[in-house]
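Dropping upload.csv in here (CSV, C-alpha atoms):
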```
chain,number,residue,atom,x,y,z
A,1,MET,CA,4.0,54.3,8.6
A,2,GLY,CA,2.6,52.8,11.7
A,3,TRP,CA,4.0,49.6,13.3
A,4,VAL,CA,2.6,46.8,15.4
A,5,VAL,CA,5.0,45.6,18.1
A,6,LEU,CA,5.1,41.9,18.4
A,7,ALA,CA,7.4,41.5,21.4
A,8,ALA,CA,7.5,43.7,24.4
A,9,CYS,CA,9.9,44.0,27.3
A,10,GLY,CA,9.1,43.1,31.0
A,11,ALA,CA,9.7,45.4,33.9
A,12,ASP,CA,13.3,44.2,34.2
A,13,GLY,CA,14.0,44.9,30.5
A,14,ALA,CA,13.8,41.3,29.5
A,15,THR,CA,11.3,39.8,27.1
A,16,SER,CA,8.8,37.7,29.1
A,17,ASP,CA,7.5,34.4,27.8
A,18,ASP,CA,4.0,35.9,27.7
A,19,ASP,CA,5.1,39.0,25.9
A,20,ALA,CA,7.0,36.9,23.3
A,21,HIS,CA,3.6,35.6,22.1
A,22,ARG,CA,1.4,38.5,22.9
A,23,HIS,CA,0.5,39.4,19.3
A,24,MET,CA,-1.9,37.1,17.5
A,25,VAL,CA,-2.7,36.9,13.8
A,26,THR,CA,-5.2,34.7,12.1
A,27,ILE,CA,-5.0,32.4,9.2
A,28,GLY,CA,-8.4,32.1,7.6
A,29,VAL,CA,-9.7,28.9,6.0
A,30,ASP,CA,-12.4,28.8,3.3
A,31,ALA,CA,-13.8,25.4,2.4
A,32,PRO,CA,-17.1,23.5,2.0
A,33,LEU,CA,-18.0,22.4,5.6
A,34,THR,CA,-21.5,21.3,4.8
A,35,GLY,CA,-22.9,19.4,1.8
A,36,PRO,CA,-21.5,16.7,-0.5
A,37,LEU,CA,-17.9,18.0,-0.3
A,38,GLU,CA,-17.8,18.5,3.4
A,39,GLN,CA,-15.4,15.6,4.0
A,40,SER,CA,-12.8,17.3,1.7
A,41,GLY,CA,-13.4,20.6,3.4
A,42,LYS,CA,-13.1,19.4,6.9
A,43,GLY,CA,-9.8,17.6,6.0
A,44,ILE,CA,-8.5,21.0,4.8
A,45,VAL,CA,-9.5,22.8,8.0
A,46,ASN,CA,-8.1,20.1,10.2
A,47,SER,CA,-4.8,20.2,8.4
A,48,VAL,CA,-4.5,24.0,8.7
A,49,GLU,CA,-5.3,23.8,12.4
A,50,LEU,CA,-2.5,21.2,12.8
A,51,ALA,CA,0.0,23.4,11.0
A,52,VAL,CA,-0.9,26.4,13.2
A,53,GLN,CA,-0.7,24.3,16.4
A,54,GLN,CA,2.8,23.1,15.4
A,55,ALA,CA,3.9,26.6,14.5
A,56,ASN,CA,2.9,27.9,17.9
A,57,LYS,CA,4.4,25.0,19.7
A,58,THR,CA,7.8,25.4,18.0
A,59,ARG,CA,7.6,29.3,18.1
A,60,ALA,CA,8.1,29.3,14.3
A,61,VAL,CA,7.8,33.1,14.3
A,62,PRO,CA,9.1,34.7,17.5
A,63,GLY,CA,6.6,37.1,18.9
A,64,VAL,CA,3.7,35.8,16.9
A,65,THR,CA,0.9,33.4,17.9
A,66,PHE,CA,-1.3,32.1,15.1
A,67,LYS,CA,-4.9,31.0,15.2
A,68,THR,CA,-7.4,29.9,12.6
A,69,ARG,CA,-10.8,31.0,11.6
A,70,ALA,CA,-12.8,28.7,9.2
A,71,LEU,CA,-15.8,29.7,7.1
A,72,ASP,CA,-18.1,27.4,5.2
A,73,ASP,CA,-18.4,28.3,1.5
A,74,ARG,CA,-20.9,25.5,0.8
A,75,ALA,CA,-19.0,25.0,-2.5
A,76,THR,CA,-20.8,28.0,-4.0
A,77,ALA,CA,-19.3,31.0,-5.6
A,78,ASP,CA,-21.7,33.4,-4.0
A,79,GLN,CA,-20.8,32.2,-0.5
A,80,GLY,CA,-17.1,32.2,-1.3
A,81,LYS,CA,-17.4,35.8,-2.4
A,82,GLU,CA,-19.2,36.7,0.8
A,83,ASN,CA,-16.6,34.9,2.9
A,84,ALA,CA,-13.8,36.8,1.1
A,85,GLY,CA,-15.5,40.0,2.2
A,86,ARG,CA,-15.7,38.8,5.8
A,87,PHE,CA,-12.0,37.9,5.8
A,88,VAL,CA,-11.0,41.2,4.3
A,89,GLY,CA,-13.1,43.0,7.0
A,90,GLN,CA,-11.3,41.2,9.9
A,91,SER,CA,-8.1,43.0,10.5
A,92,ASP,CA,-6.4,40.2,12.3
A,93,VAL,CA,-6.6,37.9,9.2
A,94,ILE,CA,-3.1,37.8,7.7
A,95,GLY,CA,-3.8,35.3,4.9
A,96,VAL,CA,-6.3,32.7,3.9
A,97,VAL,CA,-6.0,29.0,2.9
A,98,GLY,CA,-8.6,27.8,0.4
A,99,PRO,CA,-10.9,27.3,-1.4
A,100,LEU,CA,-11.5,23.8,-2.5
A,101,ASN,CA,-13.4,24.6,-5.7
A,102,SER,CA,-12.0,26.6,-8.6
A,103,ARG,CA,-15.4,28.2,-9.3
A,104,VAL,CA,-15.3,29.5,-5.7
A,105,ALA,CA,-11.8,30.8,-6.2
A,106,LEU,CA,-12.8,32.8,-9.2
A,107,ALA,CA,-15.3,34.7,-7.0
A,108,MET,CA,-12.9,35.2,-4.1
A,109,GLN,CA,-9.9,36.4,-6.1
A,110,PRO,CA,-11.1,40.0,-6.9
A,111,PRO,CA,-12.0,41.2,-3.3
A,112,MET,CA,-9.0,39.4,-1.8
A,113,ASP,CA,-6.6,41.0,-4.3
A,114,ARG,CA,-8.1,44.5,-3.8
A,115,ALA,CA,-7.3,44.2,-0.1
A,116,GLY,CA,-3.9,42.7,-0.8
A,117,LEU,CA,-4.9,39.7,1.3
A,118,THR,CA,-3.0,36.4,0.4
A,119,LEU,CA,-5.1,33.5,-0.7
A,120,VAL,CA,-3.4,30.1,-1.0
A,121,SER,CA,-5.3,27.2,-2.4
A,122,PRO,CA,-4.5,23.6,-1.6
A,123,ALA,CA,-6.9,22.3,-4.2
A,124,ASN,CA,-7.7,24.6,-7.1
A,125,THR,CA,-6.4,23.2,-10.4
A,126,ASN,CA,-8.1,25.4,-13.1
A,127,PRO,CA,-5.2,27.1,-15.0
A,128,ALA,CA,-7.1,30.3,-15.6
A,129,LEU,CA,-6.8,31.3,-11.9
A,130,THR,CA,-3.1,32.0,-12.4
A,131,LEU,CA,-2.6,32.1,-16.2
A,132,GLY,CA,-5.7,34.2,-17.2
A,133,PRO,CA,-8.7,33.3,-19.2
A,134,HIS,CA,-6.9,32.8,-22.5
A,135,TRP,CA,-4.2,30.4,-21.3
A,136,LEU,CA,-5.4,27.5,-23.5
A,137,SER,CA,-4.6,29.5,-26.6
A,138,GLY,CA,-1.1,30.2,-25.3
A,139,SER,CA,-1.7,33.8,-24.1
A,140,THR,CA,-0.9,33.9,-20.4
A,141,ALA,CA,-1.1,36.8,-17.9
A,142,ARG,CA,-1.4,36.6,-14.1
A,143,PRO,CA,-4.8,38.1,-13.1
A,144,TYR,CA,-4.2,38.5,-9.3
A,145,LYS,CA,-0.9,38.9,-7.5
A,146,SER,CA,-2.3,37.8,-4.1
A,147,TYR,CA,-3.4,34.3,-5.3
A,148,PHE,CA,-1.1,31.3,-4.9
A,149,ARG,CA,-1.6,27.5,-4.9
A,150,THR,CA,0.4,24.5,-3.7
A,151,VAL,CA,-1.0,22.0,-6.2
A,152,THR,CA,-0.2,21.6,-9.9
A,153,THR,CA,-2.9,22.5,-12.4
A,154,ASP,CA,-5.0,20.9,-15.1
A,155,ALA,CA,-2.6,22.3,-17.7
A,156,SER,CA,-0.5,19.3,-16.5
A,157,GLN,CA,-3.1,17.0,-15.0
A,158,GLY,CA,-5.4,16.6,-18.1
A,159,PRO,CA,-2.5,15.8,-20.5
A,160,PHE,CA,-0.9,13.5,-17.9
A,161,ALA,CA,-4.2,11.5,-17.7
A,162,ALA,CA,-4.4,11.4,-21.5
A,163,GLN,CA,-0.9,10.1,-21.8
A,164,PHE,CA,-1.4,7.4,-19.3
A,165,VAL,CA,-4.7,6.2,-20.7
A,166,PHE,CA,-3.4,6.3,-24.3
A,167,LYS,CA,0.2,4.9,-23.8
A,168,LYS,CA,-0.1,2.7,-20.7
A,169,LEU,CA,-3.6,1.4,-21.0
A,170,ASP,CA,-3.7,1.4,-24.8
A,171,LYS,CA,-7.2,2.9,-25.0
A,172,ARG,CA,-8.2,4.8,-28.1
A,173,ARG,CA,-11.9,5.8,-27.8
A,174,ALA,CA,-13.2,8.2,-25.1
A,175,PHE,CA,-16.5,9.7,-24.1
A,176,VAL,CA,-15.8,13.1,-22.4
A,177,ILE,CA,-18.1,14.7,-20.0
A,178,ASP,CA,-17.9,17.7,-17.7
A,179,ASP,CA,-19.9,19.5,-15.0
A,180,ASN,CA,-19.9,22.9,-16.8
A,181,GLU,CA,-17.9,24.4,-13.9
A,182,ALA,CA,-14.4,26.0,-14.0
A,183,TYR,CA,-12.6,22.9,-12.7
A,184,GLY,CA,-14.5,20.3,-14.9
A,185,LEU,CA,-14.3,22.4,-18.0
A,186,GLY,CA,-10.6,23.0,-17.8
A,187,LEU,CA,-9.7,19.4,-16.9
A,188,ALA,CA,-11.9,18.0,-19.7
A,189,ALA,CA,-10.5,20.5,-22.2
A,190,THR,CA,-6.8,19.7,-21.5
A,191,PHE,CA,-7.5,16.0,-21.5
A,192,THR,CA,-9.3,16.1,-24.8
A,193,ALA,CA,-6.6,18.2,-26.5
A,194,GLU,CA,-3.8,15.9,-25.5
A,195,PHE,CA,-5.8,12.7,-26.1
A,196,THR,CA,-6.7,13.7,-29.7
A,197,ARG,CA,-3.1,15.0,-30.3
A,198,LEU,CA,-1.8,11.5,-29.5
A,199,GLY,CA,-4.3,9.9,-31.9
A,200,GLY,CA,-7.2,9.1,-29.7
A,201,LYS,CA,-10.8,9.5,-30.8
A,202,VAL,CA,-13.6,11.2,-28.8
A,203,ALA,CA,-16.7,9.1,-29.4
A,204,GLY,CA,-19.0,11.6,-27.8
A,205,LYS,CA,-19.3,14.4,-25.4
A,206,GLY,CA,-21.8,15.2,-22.6
A,207,ARG,CA,-22.5,17.6,-19.8
A,208,PHE,CA,-24.2,17.5,-16.4
A,209,ASP,CA,-24.9,19.8,-13.5
A,210,VAL,CA,-23.5,19.6,-10.0
A,211,GLY,CA,-26.0,17.9,-7.9
A,212,ASP,CA,-27.5,15.8,-10.7
A,213,ARG,CA,-28.6,12.3,-9.7
A,214,ASN,CA,-30.4,10.9,-12.8
A,215,PHE,CA,-27.8,9.8,-15.4
A,216,SER,CA,-29.9,7.2,-17.3
A,217,GLY,CA,-29.9,9.1,-20.5
A,218,LEU,CA,-26.2,10.0,-20.4
A,219,ALA,CA,-25.3,6.4,-19.5
A,220,ASP,CA,-27.2,5.1,-22.6
A,221,ARG,CA,-25.4,7.6,-24.8
A,222,ILE,CA,-22.0,6.5,-23.4
A,223,VAL,CA,-22.7,2.8,-23.9
A,224,ASN,CA,-24.1,3.3,-27.4
A,225,SER,CA,-21.1,5.4,-28.5
A,226,GLY,CA,-18.7,2.4,-28.3
A,227,ALA,CA,-16.3,4.3,-26.0
A,228,GLU,CA,-13.8,2.3,-24.1
A,229,PHE,CA,-13.8,4.7,-21.2
A,230,VAL,CA,-15.5,7.9,-19.9
A,231,PHE,CA,-13.4,10.8,-18.9
A,232,CYS,CA,-15.3,12.7,-16.1
A,233,GLY,CA,-14.5,16.3,-15.6
A,234,GLY,CA,-16.2,16.8,-12.3
A,235,ALA,CA,-16.1,15.9,-8.6
A,236,TYR,CA,-16.7,12.5,-6.8
A,237,PRO,CA,-20.4,12.7,-6.1
A,238,GLU,CA,-21.5,13.0,-9.8
A,239,CYS,CA,-18.6,10.9,-11.2
A,240,GLY,CA,-19.4,8.2,-8.8
A,241,ARG,CA,-23.1,8.1,-9.7
A,242,ILE,CA,-22.1,8.1,-13.4
A,243,SER,CA,-19.8,5.1,-12.8
A,244,SER,CA,-22.6,3.2,-11.1
A,245,LYS,CA,-25.2,4.0,-13.7
A,246,VAL,CA,-23.0,3.3,-16.8
A,247,LYS,CA,-22.0,-0.1,-15.4
A,248,GLU,CA,-25.6,-0.9,-14.4
A,249,VAL,CA,-26.6,-0.5,-18.0
A,250,GLY,CA,-24.2,-3.4,-18.7
A,251,SER,CA,-21.2,-1.7,-20.0
A,252,GLY,CA,-17.6,-2.5,-19.2
A,253,VAL,CA,-16.7,1.1,-19.6
A,254,THR,CA,-14.1,2.4,-17.2
A,255,VAL,CA,-14.5,5.8,-15.6
A,256,VAL,CA,-11.4,8.1,-15.6
A,257,GLY,CA,-11.3,11.4,-13.7
A,258,GLY,CA,-9.1,13.9,-11.9
A,259,ASP,CA,-8.2,14.8,-8.3
A,260,ALA,CA,-11.8,15.8,-7.4
A,261,MET,CA,-12.8,12.2,-8.1
A,262,TYR,CA,-9.9,10.8,-6.1
A,263,GLU,CA,-11.6,10.7,-2.7
A,264,SER,CA,-12.5,7.9,-0.4
A,265,ALA,CA,-16.1,9.1,-0.6
A,266,TYR,CA,-16.1,8.1,-4.3
A,267,LEU,CA,-16.0,4.5,-3.3
A,268,GLY,CA,-19.1,4.8,-1.3
A,269,VAL,CA,-21.0,6.7,-4.1
A,270,ALA,CA,-20.0,4.3,-6.9
A,271,GLY,CA,-20.2,1.2,-4.7
A,272,ASP,CA,-18.9,-2.1,-6.0
A,273,ARG,CA,-19.1,-0.8,-9.6
A,274,ALA,CA,-16.1,1.5,-8.8
A,275,GLU,CA,-13.7,-1.4,-9.3
A,276,GLY,CA,-11.2,-0.6,-12.0
A,277,ASP,CA,-12.0,3.1,-12.2
A,278,ILE,CA,-9.0,5.4,-12.5
A,279,ALA,CA,-8.2,8.9,-11.2
A,280,THR,CA,-5.2,11.2,-11.4
A,281,SER,CA,-4.3,13.4,-8.4
A,282,VAL,CA,-1.8,16.0,-7.5
A,283,GLY,CA,1.6,15.0,-6.0
A,284,ALA,CA,2.9,11.7,-4.9
A,285,PRO,CA,1.0,9.5,-2.3
A,286,VAL,CA,1.7,10.8,1.2
A,287,GLU,CA,2.1,7.3,2.4
A,288,VAL,CA,5.4,6.9,0.4
A,289,LEU,CA,6.8,10.4,1.0
A,290,HIS,CA,9.4,10.6,3.7
A,291,SER,CA,8.6,14.3,4.1
A,292,ALA,CA,5.0,13.4,5.0
A,293,ARG,CA,5.6,10.9,7.9
A,294,THR,CA,5.4,13.5,10.7
A,295,PHE,CA,2.2,15.0,9.2
A,296,VAL,CA,0.5,11.6,8.9
A,297,SER,CA,1.4,10.5,12.4
A,298,SER,CA,0.5,13.9,13.9
A,299,TYR,CA,-2.8,13.9,12.2
A,300,LYS,CA,-3.6,10.4,13.6
A,301,ILE,CA,-2.5,11.5,17.1
A,302,ALA,CA,-4.8,14.5,16.9
A,303,ALA,CA,-7.7,12.1,16.3
A,304,TYR,CA,-9.7,14.2,13.9
A,305,ALA,CA,-13.1,12.8,13.0
A,306,THR,CA,-12.4,13.4,9.3
A,307,PRO,CA,-9.4,12.1,7.4
A,308,PRO,CA,-7.1,14.6,5.7
A,309,GLY,CA,-8.2,13.5,2.3
A,310,THR,CA,-6.6,14.4,-1.0
A,311,TYR,CA,-5.9,18.0,-0.1
A,312,GLY,CA,-5.0,17.8,3.6
A,313,SER,CA,-1.2,17.7,3.1
A,314,TYR,CA,-1.5,20.6,0.6
A,315,ALA,CA,-3.6,22.6,3.1
A,316,TYR,CA,-0.9,22.0,5.7
A,317,ASP,CA,1.8,23.3,3.3
A,318,SER,CA,-0.4,26.2,2.3
A,319,ALA,CA,-0.7,27.3,5.9
A,320,TRP,CA,3.1,26.9,6.4
A,321,ALA,CA,3.7,29.0,3.2
A,322,ILE,CA,1.8,31.9,4.9
A,323,ILE,CA,3.6,31.3,8.2
A,324,GLU,CA,7.0,31.4,6.4
A,325,ALA,CA,5.9,34.6,4.6
A,326,VAL,CA,5.0,36.2,8.0
A,327,LYS,CA,8.3,35.0,9.4
A,328,SER,CA,10.2,36.7,6.5
A,329,VAL,CA,8.3,40.0,7.0
A,330,VAL,CA,8.9,40.0,10.8
A,331,THR,CA,12.5,39.0,10.5
A,332,GLY,CA,13.2,41.7,7.9
A,333,ASN,CA,11.6,44.3,10.2
A,334,GLY,CA,13.5,43.7,13.4
A,335,GLY,CA,10.7,41.6,15.0
A,336,ILE,CA,7.9,44.0,14.2
A,337,LEU,CA,5.0,43.7,11.7
A,338,PRO,CA,4.2,46.8,9.5
A,339,ALA,CA,0.8,48.3,9.5
A,340,ASP,CA,0.5,47.1,5.8
A,341,ALA,CA,1.3,43.6,6.9
A,342,ARG,CA,-1.1,42.0,4.4
A,343,ALA,CA,0.6,43.6,1.4
A,344,ALA,CA,4.0,42.7,2.9
A,345,VAL,CA,3.0,39.1,3.4
A,346,THR,CA,1.7,38.9,-0.2
A,347,ALA,CA,5.0,40.3,-1.5
A,348,ALA,CA,7.0,37.8,0.6
A,349,MET,CA,5.0,34.9,-0.7
A,350,SER,CA,6.8,35.0,-4.0
A,351,ALA,CA,10.1,34.2,-2.4
A,352,VAL,CA,8.8,31.5,0.0
A,353,THR,CA,10.7,28.2,-0.3
A,354,PHE,CA,10.8,25.4,2.1
A,355,SER,CA,10.7,21.6,2.4
A,356,GLY,CA,7.0,20.8,2.9
A,357,VAL,CA,4.9,17.7,3.6
A,358,THR,CA,4.3,17.3,-0.2
A,359,GLY,CA,7.9,18.0,-1.2
A,360,PRO,CA,9.7,21.2,-2.0
A,361,VAL,CA,7.3,24.2,-1.8
A,362,SER,CA,7.8,27.4,-3.9
A,363,PHE,CA,5.9,29.4,-6.4
A,364,ASP,CA,6.7,30.5,-10.0
A,365,GLN,CA,6.0,34.0,-11.5
A,366,TYR,CA,2.3,33.1,-11.8
A,367,GLY,CA,1.8,32.0,-8.2
A,368,ASP,CA,1.7,28.3,-9.3
A,369,ALA,CA,3.4,25.5,-7.5
A,370,THR,CA,6.8,24.6,-8.9
A,371,ASP,CA,6.3,20.9,-8.0
A,372,LYS,CA,4.5,19.3,-10.9
A,373,GLN,CA,4.3,15.7,-9.8
A,374,LEU,CA,1.1,13.7,-10.4
A,375,THR,CA,-0.1,10.2,-9.6
A,376,VAL,CA,-2.5,7.7,-11.2
A,377,TYR,CA,-4.7,5.7,-8.9
A,378,VAL,CA,-7.0,2.7,-9.6
A,379,VAL,CA,-9.8,1.2,-7.5
A,380,ARG,CA,-8.9,-2.3,-6.5
A,381,ASN,CA,-10.8,-4.4,-3.9
A,382,LYS,CA,-12.7,-1.3,-2.8
A,383,GLU,CA,-9.7,0.8,-2.2
A,384,TRP,CA,-7.7,3.4,-4.2
A,385,MET,CA,-4.2,2.1,-5.0
A,386,ALA,CA,-1.4,4.1,-6.6
A,387,LEU,CA,-0.3,2.9,-10.0
A,388,TYR,CA,2.2,5.4,-11.3
A,389,THR,CA,3.8,8.7,-10.3
A,390,GLY,CA,5.4,11.1,-12.8
A,391,ILE,CA,5.1,14.4,-14.5
A,392,HIS,CA,3.3,15.6,-17.7
A,393,LEU,CA,5.8,15.3,-20.6
A,394,ASN,CA,5.3,17.8,-23.4
```
Mind converting the file's structure to structure tokens?
Amino acid sequence: MGWVVLAACGADGATSDDDAHRHMVTIGVDAPLTGPLEQSGKGIVNSVELAVQQANKTRAVPGVTFKTRALDDRATADQGKENAGRFVGQSDVIGVVGPLNSRVALAMQPPMDRAGLTLVSPANTNPALTLGPHWLSGSTARPYKSYFRTVTTDASQGPFAAQFVFKKLDKRRAFVIDDNEAYGLGLAATFTAEFTRLGGKVAGKGRFDVGDRNFSGLADRIVNSGAEFVFCGGAYPECGRISSKVKEVGSGVTVVGGDAMYESAYLGVAGDRAEGDIATSVGAPVEVLHSARTFVSSYKIAAYATPPGTYGSYAYDSAWAIIEAVKSVVTGNGGILPADARAAVTAAMSAVTFSGVTGPVSFDQYGDATDKQLTVYVVRNKEWMALYTGIHLN
């Protein structure tokens, strides 16, 4: 086995300051940096860069200097797969944070796993990514050992939303729509299963494509169904347009969605008609987390042009999970990184545990986050406001 020496001695036998950080490794970032979801993607990239800057400043891993390399997946599976190949081919890349979209992750997982290269998502919530394609029927099997995520999944988020709407808002009739993508399909399915189990009725179902702008026909169907609310399994651009169109038709129907709808950009898309809309999202609000205070203030000081968004804090923790895994590997090898560093880091990820920005960070046997907290938000006076934080109760 070959070895890469991370720290070297100076002429007098002592380790110089320069030598102590002579070896550099890269944490890749995959996210949509152009297109409708670029605000979320840039928040992810900024947060990873912040984590790396702080790791280097504090010398979190003696002998190692981290840097970042970001690639734009344009929120498409084909580009995500191409990016995965590029990261695999760059020997300095020790792990990758991303992607934002579950459909992109499905394309990235196989080549990343074949190379033993760790992929940690701060945003993917489709359960199939960790539990396998048959998870909804109760048959679970982890497809890829190199894939992890710091957010809870739609196996919890969909039922959590259903319980809140049914029990807290006393709503009984839903119209369920999805974008026919991995994220939207999974979220809508788990919401529907729990809502109907509780006694709710699905007044109708619909489907749209990512990028659609004309929702007149769908809005008419929703209004005519007699539904009290629409559950939108999709991202903020389409859910926002649907909210605006449905209410333009004259309906008082509320739009309810998941974490991909909970973005400040949704307020601009839906406009004044967003008032009263509801979204669930992962974790607790960073504003109330003591663990997030340093992250929030550091992000502001850095003066990034784009806010961290829903997933910034999770991207920061995802980067630190990789850093902690690298630290474990280096510490366990006397300050040196093995030639098969990627495989070693992936193996170390399973035992990673630390206090992160979002709370305790660790992974279960599937690579899923052990922290299952979720929060309900509502639009009031043109702002998202937290209503309730809890966990999905079986």
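By chain and then residue number, the residues within 6 Å of A:Arg142 are Thr130, Leu131, Gly132 and Tyr366 of chain A, counting all atoms listed in the file and disregarding those fewer than 4 positions away in sequence.
Take the candidates A:Val329, A:Ala319, A:Val357, A:Ala70 and check each one against A:Glu287 using only C-alpha atoms; the shortest distance goes to A:Val357.
Interatomic distance, atom CA of A:Leu337 to atom CA of A:Gln109: 24.3 Å.
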Near-A:Phe231 list (9 Å; only C-alpha atoms; drop same-chain fewer than 2 positions) as a PyMOL selection string: chain A and resi 174-178+188+191-192+229+233+254-258
What would the file look like if the residues just selected were written as a JSON list (two decimals), in the coordinates of the input with C-alpha atoms?
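Final output, part_33.json:
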```
[["chain", "number", "residue", "atom", "x", "y", "z"],
["A", 174, "ALA", "CA", -13.20, 8.20, -25.10],
["A", 175, "PHE", "CA", -16.50, 9.70, -24.10],
["A", 176, "VAL", "CA", -15.80, 13.10, -22.40],
["A", 177, "ILE", "CA", -18.10, 14.70, -20.00],
["A", 178, "ASP", "CA", -17.90, 17.70, -17.70],
["A", 188, "ALA", "CA", -11.90, 18.00, -19.70],
["A", 191, "PHE", "CA", -7.50, 16.00, -21.50],
["A", 192, "THR", "CA", -9.30, 16.10, -24.80],
["A", 229, "PHE", "CA", -13.80, 4.70, -21.20],
["A", 233, "GLY", "CA", -14.50, 16.30, -15.60],
["A", 254, "THR", "CA", -14.10, 2.40, -17.20],
["A", 255, "VAL", "CA", -14.50, 5.80, -15.60],
["A", 256, "VAL", "CA", -11.40, 8.10, -15.60],
["A", 257, "GLY", "CA", -11.30, 11.40, -13.70],
["A", 258, "GLY", "CA", -9.10, 13.90, -11.90]]
```
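Reported to one decimal place, the separation of atom CA of A:Leu187 from atom CA of A:Ala284 is 19.0 Å.
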Selection near A:Val282, 8 Å with all atoms listed in the file, sequence-local residues under 6 positions removed, as a count of residues only: 8
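For A:Phe295, the residues within 8 Å (counting only C-alpha atoms, excluding itself and residues fewer than 3 positions away along the chain) are Ala292, Ser298, Tyr299, Ser313 and Val357 of chain A.
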Please produce an output containing C-alpha atoms for each residue in the selection, written as a PDB file, keeping the file's coordinate frame.
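Output contents, as saved in result.pdb:
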```
ATOM      1  CA  ALA A 292       5.000  13.400   5.000  1.00  0.00           C
ATOM      2  CA  SER A 298       0.500  13.900  13.900  1.00  0.00           C
ATOM      3  CA  TYR A 299      -2.800  13.900  12.200  1.00  0.00           C
ATOM      4  CA  SER A 313      -1.200  17.700   3.100  1.00  0.00           C
ATOM      5  CA  VAL A 357       4.900  17.700   3.600  1.00  0.00           C
TER       6      VAL A 357
END
```
9 Å contact set for A:Val210, all atoms listed in the file, chain neighbours under 4 positions out, as number ranges by chain: A: 179-181, 234-235, 237-238
Expected answer as JSON, numbers by chain: all residues with atoms within 6 Å of (9.5, 42.3, 15.8), all atoms listed in the file: {"A": [6, 330, 334, 335, 336]}
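Using all atoms listed in the file, the shortest contact distance between A:Phe166 and any of A:Gly283, A:Gly184, A:Gly199, A:Gly367 is found at A:Gly199.
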May I have a table of the residues of stretch 13-76 of chain A lying at most 12 Å from stretch 339-356 of chain A, giving each one's closest pair of atoms and their distance in Å to one decimal, counting all atoms listed in the file, ordered by chain and ascending residue number, as JSON lines?
```
{"residue": "A:Val25", "atom": "CA", "partner": "A:Ala341", "partner_atom": "CA", "distance": 10.4}
{"residue": "A:Thr26", "atom": "CA", "partner": "A:Arg342", "partner_atom": "CA", "distance": 11.4}
{"residue": "A:Ile27", "atom": "CA", "partner": "A:Arg342", "partner_atom": "CA", "distance": 11.4}
{"residue": "A:Ala51", "atom": "CA", "partner": "A:Gly356", "partner_atom": "CA", "distance": 11.0}
```
Just the selected residues (C-alpha atoms), exported as an mmCIF file, in the coordinates of the input, please.
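result.cif, written as the output of this step:
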```
data_model
loop_
_atom_site.group_PDB
_atom_site.id
_atom_site.type_symbol
_atom_site.label_atom_id
_atom_site.label_comp_id
_atom_site.auth_asym_id
_atom_site.auth_seq_id
_atom_site.Cartn_x
_atom_site.Cartn_y
_atom_site.Cartn_z
ATOM 1 C CA VAL A 25 -2.700 36.900 13.800
ATOM 2 C CA THR A 26 -5.200 34.700 12.100
ATOM 3 C CA ILE A 27 -5.000 32.400 9.200
ATOM 4 C CA ALA A 51 0.000 23.400 11.000
#
```
